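**Student:** What follows is a structure written as C-alpha cells; I'll ask about it next.
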Protein chains: 2
Amino acid sequence: MKIAIIGGGSLGLLFSYYLSAKHEVHLFTRTQQQADLINTQGLQMIKLGDERTTHNVYAAPLHAWQGTEDMAIIAVKQYQLPDIMPILTAKTVGSLLFLQNGYGHIKMLKNLTSFPIFVGSVEHGAVRSSGNAVIHNGAGVTRAAVFQGSEILLRELSASLASEFPIIREEDYEGMLIKKLVVNSVINPLTAILNVKNGELIRNPYYKEIFEKLFEECAQVLELHNKEDYFENLLNVCEKTAENHSSMYKDLENGRKTEIDAILGYLLEEAARKNIKAPLIHNYFECIKGKEHEKEGA
Amino acid sequence: MKIAIIGGGSLGLLFSYYLSAKHEVHLFTRTQQQADLINTQGLQMIKLGDERTTHNVYAAPLHAWQGTEDMAIIAVKQYQLPDIMPILTAKTVGSLLFLQNGYGHIKMLKNLTSFPIFVGSVEHGAVRSSGNAVIHNGAGVTRAAVFQGSEILLRELSASLASEFPIIREEDYEGMLIKKLVVNSVINPLTAILNVKNGELIRNPYYKEIFEKLFEECAQVLELHNKEDYFENLLNVCEKTAENHSSMYKDLENGRKTEIDAILGYLLEEAARKNIKAPLIHNYFECIKGKEHEKEGA
C-alpha cells in the first residue's frame, strides 16, 4: 500500500518507521529541514538498550502533498487539526486514519463526507529524540475502528503488520475513543499537577481519593453506562504504566503545549452543554492552563 | 512582666527575642539540648543583610515549667496543642496567649475555664535557622484579642513593645482568626500544590480562577457575611507577599508536616457539620495530605 503519514512528531515517526517495513511510506513534515534530514540520513529507531536501526523513508514538507496515496494517517495533535483540515478537504485521498486523542475532533470529521475514514487510539509510548529519530519506549498496540465507509483497507493494513506493531480492529469507534479519553482525563492532569509517576495515583491513598472523584465527574459528564468497565480499564492502565511519567507531565516538564483542550477541554464543553457541574474537571483544566501560561511567560 | 514562651520553633524564638528586650522571658523547649544551646550561646536574631544580635534568654525543657509567670504564650503548631493542653490545665498561670493558626483549637480553649485567655494571629515571616537562631524575614504585626476574661494584661503587653514588633489589639477574636484562616486556606494549599510564589495566584489568570473558586467555597462553608471584605483582605495579603513562598510550600519543600489539618481540615469538618459540598476544599486537602504521605514514604 502507499501510505502518507501527516506529521513528523513522535507518533508520525513511529508509524513511518514500522509501516515502511511493509509499505511505501511518504512522510509529510511541517518543515523542509526535517524532510531533508530524513531523506539524507534515514529514519532512526532507538529501542531500549540503545539498539538503533534505520529505515529509508521518503519525506517532504506538507505543502508538497498530492494526496495520491491509498491511505493517509493523520498523526498530528488534536490542536493542530484545524490547520490541517482544509488541506485534507482539498486533496483526493483513498482513505484517512485519524490518531488524535480526545473526542472533540469527531465533529470535524463529520464535514469530511467523501472518504472512508478510520479513527485510532495509540497505546504506544514514544519520544522523538531528534528530527529523524524516535525512541519506542513503551510497546503497546494501536486500536482502530471505522468512522464511516468500508473497513477493507483497515483490515488490509492490520493484516500486513508484524506483532511488534499491531493494529487491532475495534467495532465501536466511540467506545474506543471515550475509553482512552477517560484514561487521559484522569491520569494526565493529576500526574502533571501532583508531579508524580502514574502509579503513585493509586498507591497513595490520598491521591487515590482524588483519582476516584475525578473519574466520577468524567463518568457523569460522559454519561457512561458501564462505568465499572471504564474504571477497571483506568486502573489497569495506571498499574501497567505505574513507573511511567504521563505525556502531559512530560509536556509540561519540557515546556511544550499539552493536549488539555482535547481532553478536559472537551469534557468542560460537554458539561456546559448538559448543564452538569464539574468542579474538579474545571479545577484541573485551569491548573494545566495555568502551568502552560507560566512556561509561556518564562 | 514575667513571660513564659512555650515552644522553640520559629515563632517561639521570634517572640522570645523581641519580648526579652522588655520582659523576663522563660523559653520552654521540647528538648533539653535546645534549652542548653540557648542558655550557653544566647538567642540569636538574624535580620536581612545578615545583621546578627544576641539576647540572653533563660530556657528550659517544657517538663520543668512551673507555670509561675504572669503570662504564658503558646507558640506551638495547632497539631501539637493536644499534647500541651494537659500541661496547661495542670499548671497555674496568670494568663495564656495562644498563637495557633486555624480555628479548630478554639473548642479546646473552651475547656480552660479558669484563666484569662487571649488568642493571637501572627503576620510575621520567620524561619528558625538553628536551635538558637531565628531569621525575621518578614516584618509584620501580631494581632491579639481577648478570648475570655480581662484585657488588662494584653493592653500592658501591647504598650510595652517597640514598633518593630507591635501587638495590635483586636475587638473580635473570631473575626480575626477567621480572616487569617481564609488567607491560609486559599494561599497555602494552592501555592504548595501549584509550586508557585504567592503573587502568581493572582497574576496568572488561570490560577486566579481557582483562587476565586476556592475562596467562594471557604466563604460558603464559613458562612461569611461580609464576604467582599474577606476577599479584599485575601487579595491584599497576596499582593503584599507576592514574592514570598507560603509556609505550606516551605513545609512541603523541607519534608515537614504542614498545618493542613488546622486549615482545610477544619473547613472540611465545618462543611460536613453544615452538610455543604466543598469539592475544591476536599481536593486540596487530599493533595496536601498526599504530598505529606509521599515525603513520609521517601
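Please note that chains go A, B, ... in the order of the C-alpha cells, that every chain numbers its residues from 1, and that ligands are numbered from 1 in the order shown.
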Which residues, written as a PyMOL selection string, have at least one atom at most 8 Å from A:Gly290, with only C-alpha atoms counted and residues fewer than 2 positions away on the same chain left out?

**Tutor:** (chain A and resi 286-288+292-294) or (chain B and resi 204-207)

**Student:** If you run DSSP over the backbone, which residues in stretch 12-183 of chain A end up strand (DSSP E)? Put them as a ChimeraX atom specification.

**Tutor:** /A:24-29,43-46,52-55,58-61,71-74,96-98,117-122,125-130,133-138,142-148,167-169

**Student:** Check the smallest atom-to-atom distance from each of A:Asn198, A:Thr241, A:Asn236, A:Ser185 to A:Leu214 using only C-alpha atoms, then report the winner.

**Tutor:**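 Closest to A:Leu214, using only C-alpha atoms: A:Ser185.
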
**Student:** Ranking B:Arg169, B:Val186, B:Lys213, B:Asn56 by minimum distance to A:Pro279 and counting only C-alpha atoms, which one comes first?

**Tutor:**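 So, comparing all the options, the nearest one is B:Lys213.
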
**Student:** Just checking: using only C-alpha atoms, which residue out of A:Ile202, A:Val25, A:Val57, A:Leu222 ends up closest to chain B?

**Tutor:**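 Distance minimum relative to chain B lands on A:Ile202.
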
**Student:** With only C-alpha atoms as the counted atoms, please give the residues lying no more than 6 Å from stretch 244-250 of chain A, apart from itself and same-chain residues fewer than 4 positions off, as a list in words.

**Tutor:**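 Within the cut-off, the hits are Asn188, Ala192, Lys197, Asn198 and Thr258 of chain A.
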
**Student:** May I have all residues of stretch 213-244 of chain A that DSSP, computed from the backbone, assigns to alpha helix (DSSP H), given as a PyMOL selection string?

**Tutor:** chain A and resi 213-221+227-240

**Student:** Only N, CA and C atoms, please: the residues just picked out, written as a compact mmCIF listing (two decimals), in the first residue's frame.

**Tutor:**
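Saved as selection.txt:
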# COMPACT_ATOMS: atom_id res chain seq x y z
N LYS A 213 -12.62 10.53 42.55
CA LYS A 213 -13.59 11.62 42.44
C LYS A 213 -13.55 12.24 41.05
N LEU A 214 -12.35 12.39 40.49
CA LEU A 214 -12.23 12.95 39.14
C LEU A 214 -12.85 11.99 38.13
N PHE A 215 -12.61 10.69 38.31
CA PHE A 215 -13.25 9.71 37.43
C PHE A 215 -14.77 9.82 37.50
N GLU A 216 -15.30 9.95 38.71
CA GLU A 216 -16.76 10.06 38.88
C GLU A 216 -17.33 11.23 38.09
N GLU A 217 -16.63 12.36 38.15
CA GLU A 217 -17.09 13.53 37.38
C GLU A 217 -17.06 13.25 35.88
N CYS A 218 -15.98 12.61 35.43
CA CYS A 218 -15.86 12.29 33.99
C CYS A 218 -16.99 11.36 33.58
N ALA A 219 -17.25 10.35 34.41
CA ALA A 219 -18.29 9.36 34.11
C ALA A 219 -19.66 10.05 34.00
N GLN A 220 -19.87 11.03 34.88
CA GLN A 220 -21.15 11.74 34.89
C GLN A 220 -21.28 12.60 33.62
N VAL A 221 -20.22 13.33 33.31
CA VAL A 221 -20.26 14.23 32.16
C VAL A 221 -20.40 13.43 30.86
N LYS A 227 -20.01 2.09 33.76
CA LYS A 227 -18.99 2.86 34.46
C LYS A 227 -17.87 1.97 35.02
N GLU A 228 -18.26 0.83 35.57
CA GLU A 228 -17.29 -0.05 36.23
C GLU A 228 -16.22 -0.53 35.24
N ASP A 229 -16.65 -0.80 33.98
CA ASP A 229 -15.68 -1.24 32.97
C ASP A 229 -14.64 -0.16 32.70
N TYR A 230 -15.11 1.07 32.63
CA TYR A 230 -14.19 2.18 32.35
C TYR A 230 -13.23 2.37 33.53
N PHE A 231 -13.75 2.21 34.73
CA PHE A 231 -12.89 2.39 35.91
C PHE A 231 -11.86 1.27 35.98
N GLU A 232 -12.32 0.07 35.68
CA GLU A 232 -11.43 -1.10 35.65
C GLU A 232 -10.28 -0.86 34.67
N ASN A 233 -10.64 -0.38 33.47
CA ASN A 233 -9.64 -0.09 32.43
C ASN A 233 -8.67 0.99 32.89
N LEU A 234 -9.21 2.04 33.53
CA LEU A 234 -8.38 3.12 34.05
C LEU A 234 -7.36 2.60 35.07
N LEU A 235 -7.83 1.76 35.99
CA LEU A 235 -6.94 1.16 36.99
C LEU A 235 -5.86 0.32 36.33
N ASN A 236 -6.28 -0.47 35.33
CA ASN A 236 -5.33 -1.33 34.62
C ASN A 236 -4.21 -0.54 33.97
N VAL A 237 -4.60 0.56 33.28
CA VAL A 237 -3.60 1.37 32.61
C VAL A 237 -2.64 1.96 33.65
N CYS A 238 -3.21 2.41 34.76
CA CYS A 238 -2.40 3.01 35.82
C CYS A 238 -1.40 2.01 36.38
N GLU A 239 -1.85 0.78 36.55
CA GLU A 239 -0.96 -0.26 37.07
C GLU A 239 0.12 -0.63 36.07
N LYS A 240 -0.29 -0.80 34.81
CA LYS A 240 0.66 -1.22 33.77
C LYS A 240 1.71 -0.15 33.50

**Student:** Name the residues in contact with B:Gly175 at a cut-off of 12 Å, using only C-alpha atoms, excluding same-chain residues fewer than 2 positions from it; report them as number ranges by chain.

**Tutor:** B: 102-103, 119-121, 143-145, 147, 170-173, 177-182, 222-227, 229-230

**Student:** Those residues with N, CA and C atoms, as a compact mmCIF listing (two decimals), in the first residue's frame please?

**Tutor:**
# COMPACT_ATOMS: atom_id res chain seq x y z
N GLY B 102 -5.60 28.66 62.25
CA GLY B 102 -6.81 27.84 62.18
C GLY B 102 -7.85 28.30 63.17
N TYR B 103 -8.87 27.49 63.34
CA TYR B 103 -9.93 27.84 64.27
C TYR B 103 -10.31 26.65 65.15
N VAL B 119 -6.17 35.15 72.33
CA VAL B 119 -5.73 34.44 71.13
C VAL B 119 -5.10 35.46 70.19
N GLY B 120 -4.12 34.98 69.43
CA GLY B 120 -3.38 35.88 68.55
C GLY B 120 -3.26 35.32 67.15
N SER B 121 -2.90 36.20 66.25
CA SER B 121 -2.72 35.83 64.85
C SER B 121 -1.46 36.56 64.38
N ARG B 143 -1.65 40.28 65.83
CA ARG B 143 -2.95 40.74 66.30
C ARG B 143 -3.37 39.85 67.46
N ALA B 144 -4.00 40.45 68.46
CA ALA B 144 -4.43 39.63 69.60
C ALA B 144 -5.73 40.17 70.16
N ALA B 145 -6.54 39.26 70.68
CA ALA B 145 -7.85 39.64 71.20
C ALA B 145 -8.16 38.78 72.43
N PHE B 147 -10.08 36.20 74.48
CA PHE B 147 -10.98 35.07 74.29
C PHE B 147 -11.94 34.98 75.47
N GLU B 170 -7.27 43.55 69.00
CA GLU B 170 -8.47 43.45 68.16
C GLU B 170 -9.67 43.22 69.07
N GLU B 171 -10.82 43.67 68.61
CA GLU B 171 -12.05 43.53 69.41
C GLU B 171 -12.62 42.12 69.34
N ASP B 172 -12.56 41.55 68.15
CA ASP B 172 -13.36 40.36 67.85
C ASP B 172 -12.43 39.21 67.48
N TYR B 173 -12.19 38.31 68.45
CA TYR B 173 -11.21 37.24 68.18
C TYR B 173 -11.66 36.33 67.03
N LEU B 177 -9.42 35.57 63.72
CA LEU B 177 -8.90 34.24 63.38
C LEU B 177 -9.45 33.75 62.04
N ILE B 178 -10.71 34.06 61.78
CA ILE B 178 -11.33 33.59 60.54
C ILE B 178 -10.70 34.29 59.34
N LYS B 179 -10.36 35.56 59.51
CA LYS B 179 -9.69 36.31 58.43
C LYS B 179 -8.38 35.63 58.04
N LYS B 180 -7.62 35.28 59.06
CA LYS B 180 -6.34 34.59 58.82
C LYS B 180 -6.59 33.20 58.24
N LEU B 181 -7.63 32.54 58.74
CA LEU B 181 -7.95 31.19 58.26
C LEU B 181 -8.27 31.21 56.76
N VAL B 182 -9.03 32.22 56.34
CA VAL B 182 -9.39 32.33 54.91
C VAL B 182 -8.12 32.52 54.07
N LEU B 222 -17.78 28.81 55.76
CA LEU B 222 -17.65 29.62 56.99
C LEU B 222 -18.82 30.57 57.17
N GLU B 223 -19.73 30.58 56.21
CA GLU B 223 -20.91 31.45 56.24
C GLU B 223 -20.51 32.91 56.51
N LEU B 224 -19.55 33.39 55.72
CA LEU B 224 -19.07 34.76 55.87
C LEU B 224 -20.15 35.74 55.44
N HIS B 225 -20.40 36.73 56.27
CA HIS B 225 -21.42 37.72 55.92
C HIS B 225 -20.85 38.78 54.99
N ASN B 226 -19.80 39.45 55.44
CA ASN B 226 -19.18 40.49 54.63
C ASN B 226 -18.06 39.89 53.78
N LYS B 227 -18.49 39.04 52.85
CA LYS B 227 -17.58 38.26 52.01
C LYS B 227 -16.57 39.13 51.29
N ASP B 229 -15.16 41.90 52.11
CA ASP B 229 -14.05 42.34 52.97
C ASP B 229 -12.99 41.24 53.08
N TYR B 230 -13.46 40.01 53.25
CA TYR B 230 -12.51 38.91 53.38
C TYR B 230 -11.75 38.71 52.08

**Student:** List the neighbours of B:Thr29 out to 6 Å using only C-alpha atoms; skip same-chain residues closer than 4 positions along the sequence, and give me the result as an MDAnalysis selection string.

**Tutor:** chainID B and resid 7:8 61:62

**Student:** One number please: atom CA of B:Lys2 to atom CA of B:Leu112, in Å, one decimal.

**Tutor:**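 Distance between the two atoms: 21.0 Å.
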
**Student:** Excluding B:His124 and any residue of its chain fewer than 5 positions from it, enumerate the residues within 10 Å of it, using only C-alpha atoms, and give them as a ChimeraX atom specification.

**Tutor:** /B:11,14,136-142,165

**Student:** Applying 9 Å and only C-alpha atoms, which residues near B:Leu13 remain after dropping the ones on its own chain fewer than 5 positions away? List them as a PyMOL selection string.

**Tutor:** chain B and resi 5+7-8+18+27+43-45+128+131-134

**Student:** Have a look at A:Ile87, A:Ile135, A:Ile117, A:Ile281 and name the one nearest to chain B; count only C-alpha atoms.

**Tutor:**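 Of all the options, A:Ile281 lies closest to chain B.
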
**Student:** Taking only C-alpha atoms into account, which of A:Ile276, A:Val196, A:Leu37, A:Ala271 comes nearest chain B?

**Tutor:** A:Val196
